[in-house]
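Student: Here you go, this is upload.tsv (TSV, C-alpha atoms).
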```tsv
chain	number	residue	atom	x	y	z
A	981	PRO	CA	23.69	6.15	-18.63
A	982	ASP	CA	27.42	5.91	-18.25
A	983	GLU	CA	29.97	6.17	-21.04
A	984	ARG	CA	30.73	2.46	-21.31
A	985	TYR	CA	27.62	2.05	-23.49
A	986	ASP	CA	28.47	4.85	-25.94
A	987	GLY	CA	28.14	3.67	-29.53
A	988	LEU	CA	26.98	0.15	-28.64
A	989	PHE	CA	23.27	0.61	-29.29
A	990	ASP	CA	21.01	2.65	-31.52
A	991	GLU	CA	18.70	5.38	-30.25
A	992	LYS	CA	15.87	2.90	-29.60
A	993	VAL	CA	17.79	1.26	-26.74
A	994	ILE	CA	17.28	2.83	-23.34
A	995	ILE	CA	19.74	1.84	-20.65
A	996	MET	CA	18.44	2.30	-17.13
A	997	HIS	CA	20.30	1.93	-13.90
A	998	PRO	CA	18.49	0.93	-10.72
A	999	LYS	CA	17.78	3.41	-7.98
A	1000	GLU	CA	19.70	2.57	-4.85
A	1001	GLU	CA	16.53	2.30	-2.77
A	1002	HIS	CA	15.24	-0.40	-5.13
A	1003	MET	CA	18.24	-2.63	-4.53
A	1004	LYS	CA	17.34	-4.18	-1.18
A	1005	THR	CA	20.32	-6.13	0.12
A	1006	ASP	CA	19.24	-7.91	3.30
A	1007	PHE	CA	18.34	-11.19	1.61
A	1008	LEU	CA	19.97	-14.44	2.65
A	1009	TYR	CA	20.63	-15.05	-1.07
A	1010	PRO	CA	22.07	-11.95	-2.81
A	1011	SER	CA	20.53	-12.96	-6.16
A	1012	MET	CA	17.13	-12.03	-4.74
A	1013	THR	CA	18.11	-8.36	-4.95
A	1014	VAL	CA	18.00	-8.56	-8.74
A	1015	LYS	CA	14.91	-10.78	-8.74
A	1016	ARG	CA	13.08	-8.22	-6.60
A	1017	PHE	CA	14.14	-5.43	-8.95
A	1018	LYS	CA	11.89	-6.74	-11.75
A	1019	THR	CA	8.84	-5.85	-9.64
A	1020	TYR	CA	9.62	-2.20	-10.46
A	1021	ILE	CA	9.27	-2.57	-14.25
A	1022	ILE	CA	6.30	-0.22	-14.48
A	1023	ASP	CA	7.99	2.39	-12.29
A	1024	TYR	CA	11.01	2.45	-14.60
A	1025	VAL	CA	8.94	2.67	-17.77
A	1026	ASP	CA	7.09	5.61	-16.15
A	1027	MET	CA	10.43	7.44	-15.72
A	1028	VAL	CA	11.06	7.70	-19.47
A	1029	PRO	CA	8.88	10.22	-21.33
A	1030	GLU	CA	9.64	8.52	-24.66
A	1031	LEU	CA	7.74	5.47	-23.35
A	1032	ASP	CA	4.54	7.35	-22.45
A	1033	ASP	CA	2.61	5.57	-25.22
A	1034	VAL	CA	3.69	2.08	-24.11
A	1035	GLU	CA	0.68	0.10	-22.89
A	1036	TRP	CA	2.13	-3.42	-22.48
A	1037	ILE	CA	5.49	-4.29	-20.96
A	1038	PHE	CA	7.30	-7.52	-21.77
A	1039	TYR	CA	9.91	-8.37	-19.16
A	1040	LEU	CA	12.50	-11.03	-19.96
A	1041	ASP	CA	15.24	-12.29	-17.65
A	1042	ILE	CA	18.69	-12.05	-19.17
A	1043	ASP	CA	18.86	-15.83	-19.55
A	1044	VAL	CA	15.67	-16.15	-21.61
A	1045	LEU	CA	16.40	-17.12	-25.21
A	1046	PHE	CA	14.08	-17.51	-28.19
A	1047	GLY	CA	14.57	-19.90	-31.08
A	1048	ALA	CA	11.71	-18.55	-33.16
A	1049	PRO	CA	10.39	-15.11	-34.12
A	1050	PHE	CA	9.43	-13.20	-30.97
A	1051	MET	CA	6.18	-11.74	-32.31
A	1052	ASP	CA	4.94	-15.23	-33.24
A	1053	LEU	CA	5.42	-16.24	-29.60
A	1054	ILE	CA	3.63	-13.15	-28.31
A	1055	GLN	CA	0.68	-13.75	-30.63
A	1056	LYS	CA	0.46	-17.40	-29.59
A	1057	LEU	CA	0.64	-16.54	-25.87
A	1058	GLY	CA	-2.01	-13.87	-26.34
A	1059	GLU	CA	-4.38	-16.30	-27.99
A	1060	GLU	CA	-3.75	-19.20	-25.59
A	1061	ASN	CA	-4.00	-17.07	-22.44
A	1062	ASP	CA	-6.75	-14.66	-23.45
A	1063	ILE	CA	-4.41	-11.66	-23.14
A	1064	ARG	CA	-6.39	-8.67	-24.28
A	1065	GLY	CA	-6.96	-5.02	-23.60
A	1066	ASP	CA	-10.51	-5.28	-22.23
A	1067	ASP	CA	-11.19	-2.78	-19.46
A	1068	ASP	CA	-13.45	-5.21	-17.58
A	1069	MET	CA	-10.46	-7.10	-16.19
A	1070	VAL	CA	-9.29	-6.34	-12.65
A	1071	SER	CA	-5.60	-6.92	-13.37
A	1072	LYS	CA	-3.45	-7.64	-16.38
A	1073	PHE	CA	-0.34	-9.38	-15.12
A	1074	TYR	CA	0.71	-12.57	-16.86
A	1075	PHE	CA	3.49	-14.99	-16.10
A	1076	PHE	CA	4.05	-18.47	-17.43
A	1077	LYS	CA	5.15	-21.86	-16.25
A	1078	ASN	CA	8.29	-23.60	-17.33
A	1079	PRO	CA	7.28	-27.01	-18.68
A	1080	ARG	CA	10.57	-28.46	-17.41
A	1081	ALA	CA	10.29	-26.97	-13.92
A	1082	TYR	CA	9.55	-29.55	-11.29
A	1083	GLN	CA	9.35	-27.38	-8.19
A	1084	TYR	CA	7.70	-24.08	-9.11
A	1085	VAL	CA	4.72	-23.62	-11.37
A	1086	ALA	CA	4.98	-19.85	-11.72
A	1087	GLN	CA	8.08	-18.42	-13.39
A	1088	GLY	CA	9.01	-14.75	-13.11
A	1089	GLY	CA	11.56	-14.74	-15.94
A	1090	PHE	CA	9.02	-13.82	-18.62
A	1091	ILE	CA	6.29	-11.40	-17.67
A	1092	ILE	CA	3.65	-9.55	-19.63
A	1093	ALA	CA	2.27	-6.61	-17.66
A	1094	HIS	CA	-0.27	-3.98	-18.59
A	1095	ARG	CA	1.12	-0.60	-17.63
A	1096	LYS	CA	-2.08	0.66	-15.99
A	1097	MET	CA	-3.46	-2.61	-14.63
A	1098	ALA	CA	-0.53	-4.64	-13.26
A	1099	LYS	CA	1.19	-2.36	-10.76
A	1100	GLU	CA	-0.85	-3.62	-7.82
A	1101	CYS	CA	0.21	-7.21	-8.57
A	1102	LEU	CA	3.87	-6.22	-8.94
A	1103	ASP	CA	3.73	-4.29	-5.64
A	1104	LEU	CA	2.12	-7.27	-3.91
A	1105	TRP	CA	4.80	-9.59	-5.33
A	1106	ARG	CA	7.52	-7.26	-3.99
A	1107	ARG	CA	5.94	-7.20	-0.52
A	1108	GLU	CA	5.86	-11.01	-0.53
A	1109	ILE	CA	9.51	-11.16	-1.59
A	1110	ASP	CA	10.39	-8.73	1.21
A	1111	SER	CA	8.58	-10.87	3.75
A	1112	HIS	CA	10.54	-13.99	2.74
A	1113	LEU	CA	14.14	-12.82	3.07
A	1114	GLU	CA	15.43	-16.36	3.51
A	1115	GLU	CA	14.12	-17.66	0.17
A	1116	GLU	CA	16.39	-18.36	-2.79
A	1117	HIS	CA	13.72	-18.12	-5.51
A	1118	ASP	CA	11.25	-15.36	-6.37
A	1119	GLN	CA	8.76	-18.04	-7.46
A	1120	VAL	CA	7.98	-18.79	-3.81
A	1121	SER	CA	6.50	-15.31	-3.44
A	1122	LEU	CA	5.01	-15.35	-6.93
A	1123	ASN	CA	3.09	-18.54	-6.09
A	1124	LEU	CA	1.65	-16.80	-3.02
A	1125	ILE	CA	0.08	-13.98	-4.97
```
Transcribe the structure of this file into structure tokens.

Tutor:
Amino acid sequence: PDERYDGLFDEKVIIMHPKEEHMKTDFLYPSMTVKRFKTYIIDYVDMVPELDDVEWIFYLDIDVLFGAPFMDLIQKLGEENDIRGDDDMVSKFYFFKNPRAYQYVAQGGFIIAHRKMAKECLDLWRREIDSHLEEEHDQVSLNLI
């Protein structure tokens, strides 16, 4: 990490910078470069040895805000969506709908992904994003998977 972050965070904060090859730039809408980047969340967690014991990854877009305790939300989502660690499931990749969204059901701004059982879904989502370079929203590709 570069020096501009020195002293801003405690040792539990890990600042990661994207690999250049992960920042595809041939989209009609440049914001899709960042939206596509979230499909690499497992790859980036795998790069940090201190995170080897992490089983579940919670991804939040920078504009996601909470007005209540975070763990209460996680527990409620887990109960309502049957999020569990059973090995009989094919994939463990969860995303949620925005109740105020009128156009897209699936929202990629809040994701719960199992480290060992969600990579295939994230890779598929990225391939769909890459095949729709003219789209402005990652939800188009997310709805396809």

Student: Using all atoms listed in the file, which of the listed residues (A:Arg1107, A:Leu1045, A:Ile1022, A:Phe1073) sits closest to Arg1095 of chain A?

Tutor: A:Ile1022

Student: Which is closest to Gly1089 of chain A among A:Lys999, A:Lys1056, A:Lys1004, A:His1117, if we use only C-alpha atoms?

Tutor: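 Looking only at the distances to Gly1089 of chain A, the closest residue turns out to be A:His1117.
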
Student: Can you tell me how far atom CA of Gln1119 of chain A sits from atom CA of Lys1015 of chain A, in Å to one decimal?

Tutor: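 Spanning atom CA of Gln1119 of chain A to atom CA of Lys1015 of chain A is a straight-line distance of 9.6 Å.
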
Student: Contacts of Met996 of chain A at 12 Å or less, counting only C-alpha atoms, minus same-chain residues fewer than 4 places along, as a list in words?

Tutor: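 The neighbour list is Pro981, Asp982, Tyr985, Tyr1020, Ile1021, Asp1023, Tyr1024, Val1025, Asp1026, Met1027 and Val1028 of chain A.
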
Student: Tell me which of A:Glu1108, A:Phe1076, A:Phe1038, A:Glu1115 sits closest to Met1051 of chain A, counting only C-alpha atoms.

Tutor: A:Phe1038

Student: Excluding Phe1090 of chain A and its own-chain neighbours fewer than 4 positions away, which residues fall within 7 Å of it when counting only C-alpha atoms? Please give them as number ranges by chain.

Tutor: A: 1039-1041, 1075-1076

Student: Produce a file of the selected residues containing C-alpha atoms, as a PDB file, in the coordinates of the input.

Tutor:
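Once written, result.pdb looks like this:
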```pdb
ATOM      1  CA  TYR A1039       9.910  -8.370 -19.160  1.00  0.00           C
ATOM      2  CA  LEU A1040      12.500 -11.030 -19.960  1.00  0.00           C
ATOM      3  CA  ASP A1041      15.240 -12.290 -17.650  1.00  0.00           C
ATOM      4  CA  PHE A1075       3.490 -14.990 -16.100  1.00  0.00           C
ATOM      5  CA  PHE A1076       4.050 -18.470 -17.430  1.00  0.00           C
TER       6      PHE A1076
END
```

Student: Please measure the separation of atom CA of Leu1057 of chain A and atom CA of Glu1116 of chain A, giving the value in Å to one decimal.

Tutor: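 Distance between the two atoms: 28.0 Å.
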
Student: At a cut-off of 12 Å around the point (-1.1, 2.6, -14.1) (file coordinates), what residues fall inside when counting only C-alpha atoms? I'd like the answer as an NGL selection string.

Tutor: :A and (1021-1023 or 1025-1026 or 1032 or 1034-1037 or 1071-1072 or 1093-1103)

Student: Include C-alpha atoms and write out the residues we just selected as a JSON list (two decimals), in the coordinates of the input.

Tutor:
```json
[["chain", "number", "residue", "atom", "x", "y", "z"],
["A", 1021, "ILE", "CA", 9.27, -2.57, -14.25],
["A", 1022, "ILE", "CA", 6.30, -0.22, -14.48],
["A", 1023, "ASP", "CA", 7.99, 2.39, -12.29],
["A", 1025, "VAL", "CA", 8.94, 2.67, -17.77],
["A", 1026, "ASP", "CA", 7.09, 5.61, -16.15],
["A", 1032, "ASP", "CA", 4.54, 7.35, -22.45],
["A", 1034, "VAL", "CA", 3.69, 2.08, -24.11],
["A", 1035, "GLU", "CA", 0.68, 0.10, -22.89],
["A", 1036, "TRP", "CA", 2.13, -3.42, -22.48],
["A", 1037, "ILE", "CA", 5.49, -4.29, -20.96],
["A", 1071, "SER", "CA", -5.60, -6.92, -13.37],
["A", 1072, "LYS", "CA", -3.45, -7.64, -16.38],
["A", 1093, "ALA", "CA", 2.27, -6.61, -17.66],
["A", 1094, "HIS", "CA", -0.27, -3.98, -18.59],
["A", 1095, "ARG", "CA", 1.12, -0.60, -17.63],
["A", 1096, "LYS", "CA", -2.08, 0.66, -15.99],
["A", 1097, "MET", "CA", -3.46, -2.61, -14.63],
["A", 1098, "ALA", "CA", -0.53, -4.64, -13.26],
["A", 1099, "LYS", "CA", 1.19, -2.36, -10.76],
["A", 1100, "GLU", "CA", -0.85, -3.62, -7.82],
["A", 1101, "CYS", "CA", 0.21, -7.21, -8.57],
["A", 1102, "LEU", "CA", 3.87, -6.22, -8.94],
["A", 1103, "ASP", "CA", 3.73, -4.29, -5.64]]
```

Student: Calculate how many Å separate atom CA of Tyr1074 of chain A from atom CA of Ile1092 of chain A, rounding to one decimal.

Tutor: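 Taking atom CA of Tyr1074 of chain A as the start and atom CA of Ile1092 of chain A as the end point, the length is 5.0 Å.
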
Student: Of the candidates A:Glu983, A:Ile1091, A:His1112, A:His997, which one gets nearest to Val1044 of chain A if we count all atoms listed in the file?

Tutor: A:Ile1091

Student: Nearest to Leu1104 of chain A: which of A:Leu1031, A:Val1120, A:Ile1125, A:Leu1008 is it, counting all atoms listed in the file?

Tutor: A:Ile1125

Student: For Glu1001 of chain A, which residue among A:Gly987, A:Gln1055, A:Arg1016, A:Pro1049 is the nearest when counting only C-alpha atoms?

Tutor: A:Arg1016
